[in-house]
file model.csv (CSV, C-alpha atoms and all ligand atoms)
chain,number,residue,atom,x,y,z
A,1,MET,CA,-4.7,0.2,-11.0
A,2,ILE,CA,-1.1,-0.7,-11.3
A,3,PHE,CA,1.1,2.4,-11.7
A,4,SER,CA,4.4,2.1,-13.4
A,5,ASP,CA,7.5,4.2,-13.0
A,6,LYS,CA,7.1,7.9,-12.2
A,7,VAL,CA,3.5,9.0,-12.3
A,8,SER,CA,2.7,12.5,-13.6
A,9,LYS,CA,0.4,15.0,-12.0
A,10,THR,CA,-1.9,14.7,-15.1
A,11,LYS,CA,-2.2,11.0,-14.6
A,12,VAL,CA,-3.0,11.4,-10.9
A,13,GLU,CA,-5.7,14.0,-11.8
A,14,GLU,CA,-7.2,11.7,-14.4
A,15,TYR,CA,-7.1,8.8,-11.9
A,16,LEU,CA,-8.9,10.8,-9.2
A,17,ARG,CA,-11.6,12.0,-11.7
A,18,ALA,CA,-12.1,8.5,-12.9
A,19,HIS,CA,-12.9,7.6,-9.2
A,20,ASN,CA,-15.3,10.6,-8.9
A,21,ILE,CA,-13.0,12.4,-6.6
A,22,ARG,CA,-12.5,16.2,-7.0
A,23,PRO,CA,-8.7,16.7,-7.4
A,24,SER,CA,-8.0,19.3,-4.7
A,25,ILE,CA,-4.3,20.1,-3.9
A,26,GLN,CA,-4.3,17.9,-0.9
A,27,ARG,CA,-5.9,14.9,-2.6
A,28,MET,CA,-3.5,15.3,-5.5
A,29,ALA,CA,-0.5,15.4,-3.2
A,30,VAL,CA,-1.6,12.3,-1.2
A,31,MET,CA,-2.5,10.3,-4.3
A,32,GLU,CA,0.7,11.3,-6.2
A,33,TYR,CA,2.8,10.3,-3.2
A,34,LEU,CA,1.1,6.9,-3.0
A,35,ALA,CA,1.4,6.3,-6.8
A,36,ASN,CA,5.1,7.1,-6.6
A,37,HIS,CA,5.9,5.3,-3.3
A,38,ARG,CA,5.0,1.7,-3.5
A,39,THR,CA,6.3,0.9,-0.1
A,40,HIS,CA,2.9,0.8,1.6
A,41,PRO,CA,3.4,3.9,3.8
A,42,SER,CA,1.3,4.6,6.9
A,43,ILE,CA,-0.6,7.8,7.6
A,44,ASN,CA,2.3,9.2,9.6
A,45,ASP,CA,4.8,8.3,6.8
A,46,ILE,CA,2.7,10.2,4.3
A,47,TYR,CA,2.1,13.2,6.6
A,48,ARG,CA,5.9,13.5,7.4
A,49,ALA,CA,6.8,13.2,3.7
A,50,LEU,CA,4.3,15.8,2.4
A,51,HIS,CA,4.1,18.3,5.2
A,52,PRO,CA,7.3,20.2,4.4
A,53,THR,CA,6.1,20.9,0.8
A,54,VAL,CA,2.4,21.1,1.3
A,55,SER,CA,2.1,23.1,4.4
A,56,THR,CA,-1.7,23.3,4.3
A,57,LEU,CA,-1.8,19.6,4.8
A,58,SER,CA,-2.6,18.6,8.4
A,59,ARG,CA,-2.5,15.1,9.8
A,60,THR,CA,-6.3,15.2,9.9
A,61,THR,CA,-6.5,16.1,6.2
A,62,VAL,CA,-4.2,13.2,5.4
A,63,TYR,CA,-6.4,10.9,7.4
A,64,ASN,CA,-9.6,12.1,5.8
A,65,THR,CA,-8.1,12.0,2.3
A,66,LEU,CA,-6.9,8.5,2.7
A,67,HIS,CA,-10.3,7.4,4.0
A,68,LEU,CA,-12.0,9.0,1.0
A,69,LEU,CA,-9.5,7.4,-1.4
A,70,ALA,CA,-10.1,4.0,0.2
A,71,GLU,CA,-13.9,4.4,0.1
A,72,ALA,CA,-13.7,5.2,-3.6
A,73,LYS,CA,-11.5,2.2,-4.1
A,74,ALA,CA,-8.7,4.4,-5.5
A,75,VAL,CA,-6.3,3.0,-2.9
A,76,LYS,CA,-6.2,-0.2,-0.8
A,77,GLU,CA,-6.1,0.1,3.0
A,78,LEU,CA,-4.1,-2.6,4.7
A,79,SER,CA,-5.2,-3.2,8.2
A,80,MET,CA,-2.7,-5.9,9.0
A,81,GLU,CA,-2.1,-4.4,12.5
A,82,ASP,CA,-4.4,-3.1,15.1
A,83,ASN,CA,-3.0,0.3,15.6
A,84,VAL,CA,-1.8,1.4,12.2
A,85,CYS,CA,-3.1,1.3,8.6
A,86,TYR,CA,-0.9,1.1,5.5
A,87,TYR,CA,-1.9,2.4,2.1
A,88,ASP,CA,-1.3,1.0,-1.4
A,89,ALA,CA,-2.0,2.7,-4.8
A,90,ASP,CA,-2.1,-0.8,-6.3
A,91,THR,CA,-5.7,-2.0,-6.0
A,92,SER,CA,-5.1,-5.1,-8.1
A,93,ASN,CA,-5.6,-8.6,-6.6
A,94,HIS,CA,-2.6,-9.1,-4.4
A,95,ALA,CA,-1.5,-10.2,-0.9
A,96,HIS,CA,1.2,-8.8,1.4
A,97,TYR,CA,3.8,-9.9,3.7
A,98,LYS,CA,5.6,-8.0,6.4
A,99,CYS,CA,9.2,-8.8,7.3
A,100,ARG,CA,9.6,-9.2,11.0
A,101,GLN,CA,13.1,-7.8,10.9
A,102,CYS,CA,13.1,-4.8,8.6
A,103,CYS,CA,9.3,-4.2,8.8
A,104,LYS,CA,9.1,-3.7,5.1
A,105,ILE,CA,5.8,-4.8,3.4
A,106,TYR,CA,6.2,-6.7,0.2
A,107,ASP,CA,3.6,-7.5,-2.5
A,108,LEU,CA,2.7,-11.0,-3.4
A,109,PHE,CA,0.9,-11.7,-6.7
A,110,GLU,CA,-1.1,-14.6,-8.1
A,111,THR,CA,2.0,-16.1,-9.7
A,112,GLU,CA,3.4,-16.7,-6.2
A,113,ILE,CA,0.2,-17.3,-4.3
A,114,PRO,CA,-2.3,-19.2,-6.6
A,115,LEU,CA,-4.8,-19.1,-3.6
A,116,LEU,CA,-5.4,-15.4,-4.5
A,117,ALA,CA,-7.3,-16.3,-7.6
A,118,GLU,CA,-9.5,-18.6,-5.6
A,119,ILE,CA,-10.2,-16.0,-3.0
A,120,LYS,CA,-11.0,-13.4,-5.7
A,121,LYS,CA,-13.5,-15.8,-7.3
A,122,LEU,CA,-15.1,-16.4,-3.9
A,123,VAL,CA,-15.5,-12.7,-3.1
A,124,GLU,CA,-16.9,-12.0,-6.6
A,125,ASN,CA,-19.5,-14.9,-6.4
A,126,ASP,CA,-20.5,-15.1,-2.8
A,127,SER,CA,-22.9,-12.3,-1.8
A,128,ARG,CA,-21.8,-12.5,1.8
A,129,PHE,CA,-18.3,-11.1,1.0
A,130,ASP,CA,-17.2,-7.9,-0.6
A,131,SER,CA,-13.5,-8.1,0.1
A,132,ALA,CA,-10.7,-10.2,1.5
A,133,ASP,CA,-7.2,-9.5,2.6
A,134,LEU,CA,-4.4,-12.0,2.9
A,135,TYR,CA,-1.4,-11.1,5.1
A,136,PHE,CA,1.8,-13.1,5.7
A,137,ARG,CA,4.6,-12.5,8.1
A,138,GLY,CA,8.1,-13.8,7.9
A,139,ILE,CA,11.7,-12.8,7.1
A,140,CYS,CA,12.4,-11.3,3.7
A,141,PRO,CA,15.2,-12.7,1.5
A,142,LYS,CA,17.4,-9.6,2.1
A,143,CYS,CA,17.2,-10.0,5.9
A,144,ALA,CA,17.6,-13.8,5.7
A,145,GLU,CA,20.8,-13.2,3.7
A,146,LYS,CA,22.1,-10.8,6.3
A,147,GLU,CA,21.4,-13.3,9.0
A,148,GLU,CA,23.3,-16.0,7.1
A,149,ARG,CA,26.3,-13.7,6.6
A,150,LYS,CA,26.3,-12.8,10.4
A,151,LYS,CA,26.2,-16.5,11.3
A,152,LYS,CA,29.1,-17.3,9.0
A,153,GLN,CA,31.2,-14.4,10.3
A,154,LYS,CA,30.9,-15.8,13.8
A,155,PHE,CA,32.8,-18.9,12.8
A,156,ILE,CA,35.6,-17.2,10.9
B,201,ZN,ZN,13.5,-7.8,5.8
B,202,ZN,ZN,0.7,-3.9,-2.2

call {"tool": "encode", "arguments": {"input": "model.csv", "output": "structure tokens"}}
result
Amino acid sequence: MIFSDKVSKTKVEEYLRAHNIRPSIQRMAVMEYLANHRTHPSINDIYRALHPTVSTLSRTTVYNTLHLLAEAKAVKELSMEDNVCYYDADTSNHAHYKCRQCCKIYDLFETEIPLLAEIKKLVENDSRFDSADLYFRGICPKCAEKEERKKKQKFI
């Protein structure tokens, strides 16, 4: 699902129910956070953001909740690194790229990466596969611009 703007609690509850997940306070909090923060946060990011307001939320609960949401395909789990997983409320067909400099993770859609449509077809039609992830690394336009500016300043 692609969430737009600020997602309400009612919408989050409906979304969980549609994925056969009982909307407990903790699950609601985690799902609401992901729907409203499209920055691909890690378990730690989510725990740190939610713990002050939802004090009953332990790191283990966040971990278990994310696992459950991913199993139910309510969120996408991005395992682009060995030691950390990132989470995405947008489960539509898209790829990701991580900027080496600012470490932000950006979305890439079919309009930019036509290969995504091919991969999707392959996963849907070949019984050997049930999912595929495409990750890129590089320097984002913002960081590239900053670098450019720094270079220019050196010569002034
Ligand atoms: Zn960057
Ligand atoms: Zn994404």

call {"tool": "closest_residue", "arguments": {"input": "model.csv", "among": "A:Gln101, A:Thr39, A:Thr10, A:Ser92", "to": "ligand ZN 201 (chain B)", "atoms": "only C-alpha atoms and all ligand atoms"}}
result
A:Gln101

call {"tool": "axis_aligned_box", "arguments": {"input": "model.csv", "around": "region 25-28 of chain A", "padding_each_side": "4 Å", "output": "JSON"}}
result
{"center_x": -4.7, "center_y": 17.5, "center_z": -3.2, "size_x": 10.4, "size_y": 13.2, "size_z": 12.6}

call {"tool": "closest_atom_pairs", "arguments": {"input": "model.csv", "of": "region 10-39 of chain A", "to": "region 47-57 of chain A", "cutoff": "9 Å", "atoms": "all atoms listed in the file", "output": "tab-separated table"}}
result
residue	atom	partner	partner_atom	distance
A:Ile25	CA	A:Val54	CA	8.5
A:Gln26	CA	A:Leu57	CA	6.5
A:Ala29	CA	A:Leu50	CA	7.4
A:Val30	CA	A:Leu50	CA	7.7
A:Tyr33	CA	A:Leu50	CA	8.0

call {"tool": "write_last_selection", "arguments": {"input": "model.csv", "atoms": "C-alpha atoms", "output": "tab-separated table (two decimals), in the coordinates of the input"}}
result
chain	number	residue	atom	x	y	z
A	25	ILE	CA	-4.30	20.10	-3.90
A	26	GLN	CA	-4.30	17.90	-0.90
A	29	ALA	CA	-0.50	15.40	-3.20
A	30	VAL	CA	-1.60	12.30	-1.20
A	33	TYR	CA	2.80	10.30	-3.20

call {"tool": "residues_around", "arguments": {"input": "model.csv", "residues": "region 114-130 of chain A", "least_positions_apart": "4", "cutoff": "12 Å", "atoms": "only C-alpha atoms", "output": "list in words"}}
result
Ser92, Asn93, His94, Ala95, His96, Leu108, Phe109, Glu110, Leu134 and Tyr135 of chain A

call {"tool": "residues_near_ligand", "arguments": {"input": "model.csv", "ligand": "ligand ZN 201 (chain B)", "cutoff": "12 Å", "atoms": "only C-alpha atoms and all ligand atoms", "output": "list in words"}}
result
Tyr97, Lys98, Cys99, Arg100, Gln101, Cys102, Cys103, Lys104, Ile105, Tyr106, Arg137, Gly138, Ile139, Cys140, Pro141, Lys142, Cys143, Ala144, Glu145, Lys146 and Glu147 of chain A

call {"tool": "residues_around", "arguments": {"input": "model.csv", "residues": "Glu77 (chain A)", "least_positions_apart": "6", "cutoff": "7 Å", "atoms": "all atoms listed in the file", "output": "list in words"}}
result
Ala70, Cys85, Tyr86, Tyr87 and Asp88 of chain A

call {"tool": "closest_residue", "arguments": {"input": "model.csv", "among": "A:Asn83, A:Asn44, A:Ser131, A:Ser8", "to": "Leu66 (chain A)", "atoms": "all atoms listed in the file"}}
result
A:Asn44

call {"tool": "atom_distance", "arguments": {"input": "model.csv", "atom1": "CA of Val75 (chain A)", "atom2": "CA of Leu34 (chain A)"}}
result
8.4 Å

call {"tool": "closest_residue", "arguments": {"input": "model.csv", "among": "A:Lys154, A:Thr61, A:His40, A:Glu148", "to": "ligand ZN 202 (chain B)", "atoms": "all atoms listed in the file"}}
result
A:His40

call {"tool": "closest_residue", "arguments": {"input": "model.csv", "among": "A:Glu14, A:Asp82, A:Glu71, A:Asp133", "to": "ligand ZN 202 (chain B)", "atoms": "all atoms listed in the file"}}
result
A:Asp133

call {"tool": "closest_residue", "arguments": {"input": "model.csv", "among": "A:Ala35, A:Ile21, A:Ile46, A:Ala72", "to": "ligand ZN 202 (chain B)", "atoms": "all atoms listed in the file"}}
result
A:Ala35

call {"tool": "atom_distance", "arguments": {"input": "model.csv", "atom1": "CA of Arg27 (chain A)", "atom2": "CA of Leu69 (chain A)"}}
result
8.4 Å

call {"tool": "atom_distance", "arguments": {"input": "model.csv", "atom1": "CA of Arg17 (chain A)", "atom2": "atom ZN of ligand ZN 202 (chain B)"}}
result
22.2 Å

call {"tool": "closest_residue", "arguments": {"input": "model.csv", "among": "A:Glu81, A:His19, A:Asp107, A:Asp45", "to": "Leu68 (chain A)", "atoms": "only C-alpha atoms"}}
result
A:His19

call {"tool": "residues_around", "arguments": {"input": "model.csv", "residues": "Asp5 (chain A)", "least_positions_apart": "4", "cutoff": "12 Å", "atoms": "all atoms listed in the file", "output": "PyMOL selection string"}}
result
chain A and resi 11+32+35-38

call {"tool": "residues_around", "arguments": {"input": "model.csv", "residues": "Val84 (chain A)", "least_positions_apart": "5", "cutoff": "10 Å", "atoms": "all atoms listed in the file", "output": "JSON, numbers by chain"}}
result
{"A": [42, 43, 44, 78, 79]}

call {"tool": "decode", "arguments": {"input": "model.csv", "residues": "region 105-155 of chain A", "atoms": "C-alpha atoms", "output": "mmCIF file, in the first residue's frame"}}
result
data_model
loop_
_atom_site.group_PDB
_atom_site.id
_atom_site.type_symbol
_atom_site.label_atom_id
_atom_site.label_comp_id
_atom_site.auth_asym_id
_atom_site.auth_seq_id
_atom_site.Cartn_x
_atom_site.Cartn_y
_atom_site.Cartn_z
ATOM 1 C CA ILE A 105 17.629 5.478 1.789
ATOM 2 C CA TYR A 106 15.683 6.656 -1.229
ATOM 3 C CA ASP A 107 12.846 5.034 -3.163
ATOM 4 C CA LEU A 108 13.173 4.202 -6.847
ATOM 5 C CA PHE A 109 10.062 3.407 -8.857
ATOM 6 C CA GLU A 110 9.394 1.769 -12.221
ATOM 7 C CA THR A 111 9.459 5.119 -13.982
ATOM 8 C CA GLU A 112 13.165 5.413 -13.120
ATOM 9 C CA ILE A 113 14.102 1.714 -13.128
ATOM 10 C CA PRO A 114 12.152 -0.104 -15.881
ATOM 11 C CA LEU A 115 13.951 -3.304 -14.817
ATOM 12 C CA LEU A 116 11.586 -3.417 -11.813
ATOM 13 C CA ALA A 117 8.650 -4.341 -14.018
ATOM 14 C CA GLU A 118 10.664 -7.206 -15.520
ATOM 15 C CA ILE A 119 11.667 -8.481 -12.089
ATOM 16 C CA LYS A 120 8.075 -8.329 -10.879
ATOM 17 C CA LYS A 121 6.915 -10.385 -13.865
ATOM 18 C CA LEU A 122 9.618 -12.948 -13.210
ATOM 19 C CA VAL A 123 8.732 -13.300 -9.522
ATOM 20 C CA GLU A 124 5.031 -13.643 -10.339
ATOM 21 C CA ASN A 125 5.511 -16.242 -13.050
ATOM 22 C CA ASP A 126 8.445 -18.343 -11.914
ATOM 23 C CA SER A 127 7.526 -20.717 -9.097
ATOM 24 C CA ARG A 128 11.113 -20.744 -7.843
ATOM 25 C CA PHE A 129 10.842 -17.144 -6.674
ATOM 26 C CA ASP A 130 8.558 -15.390 -4.229
ATOM 27 C CA SER A 131 10.321 -12.080 -3.842
ATOM 28 C CA ALA A 132 13.234 -10.009 -5.069
ATOM 29 C CA ASP A 133 14.940 -6.914 -3.803
ATOM 30 C CA LEU A 134 16.992 -4.468 -5.762
ATOM 31 C CA TYR A 135 19.410 -2.210 -3.913
ATOM 32 C CA PHE A 136 21.667 0.480 -5.263
ATOM 33 C CA ARG A 137 24.398 2.504 -3.623
ATOM 34 C CA GLY A 138 25.718 5.865 -4.623
ATOM 35 C CA ILE A 139 25.702 9.555 -3.816
ATOM 36 C CA CYS A 140 22.334 11.325 -3.662
ATOM 37 C CA PRO A 141 21.796 14.569 -5.615
ATOM 38 C CA LYS A 142 21.793 16.634 -2.400
ATOM 39 C CA CYS A 143 25.179 15.311 -1.295
ATOM 40 C CA ALA A 144 26.569 15.549 -4.820
ATOM 41 C CA GLU A 145 25.590 19.204 -4.890
ATOM 42 C CA LYS A 146 27.238 19.823 -1.515
ATOM 43 C CA GLU A 147 30.437 18.211 -2.795
ATOM 44 C CA GLU A 148 30.337 20.390 -5.900
ATOM 45 C CA ARG A 149 29.948 23.503 -3.784
ATOM 46 C CA LYS A 150 32.864 22.506 -1.538
ATOM 47 C CA LYS A 151 35.074 21.926 -4.553
ATOM 48 C CA LYS A 152 34.216 25.309 -5.991
ATOM 49 C CA GLN A 153 34.879 27.088 -2.691
ATOM 50 C CA LYS A 154 38.394 25.689 -2.611
ATOM 51 C CA PHE A 155 39.245 27.627 -5.727
#
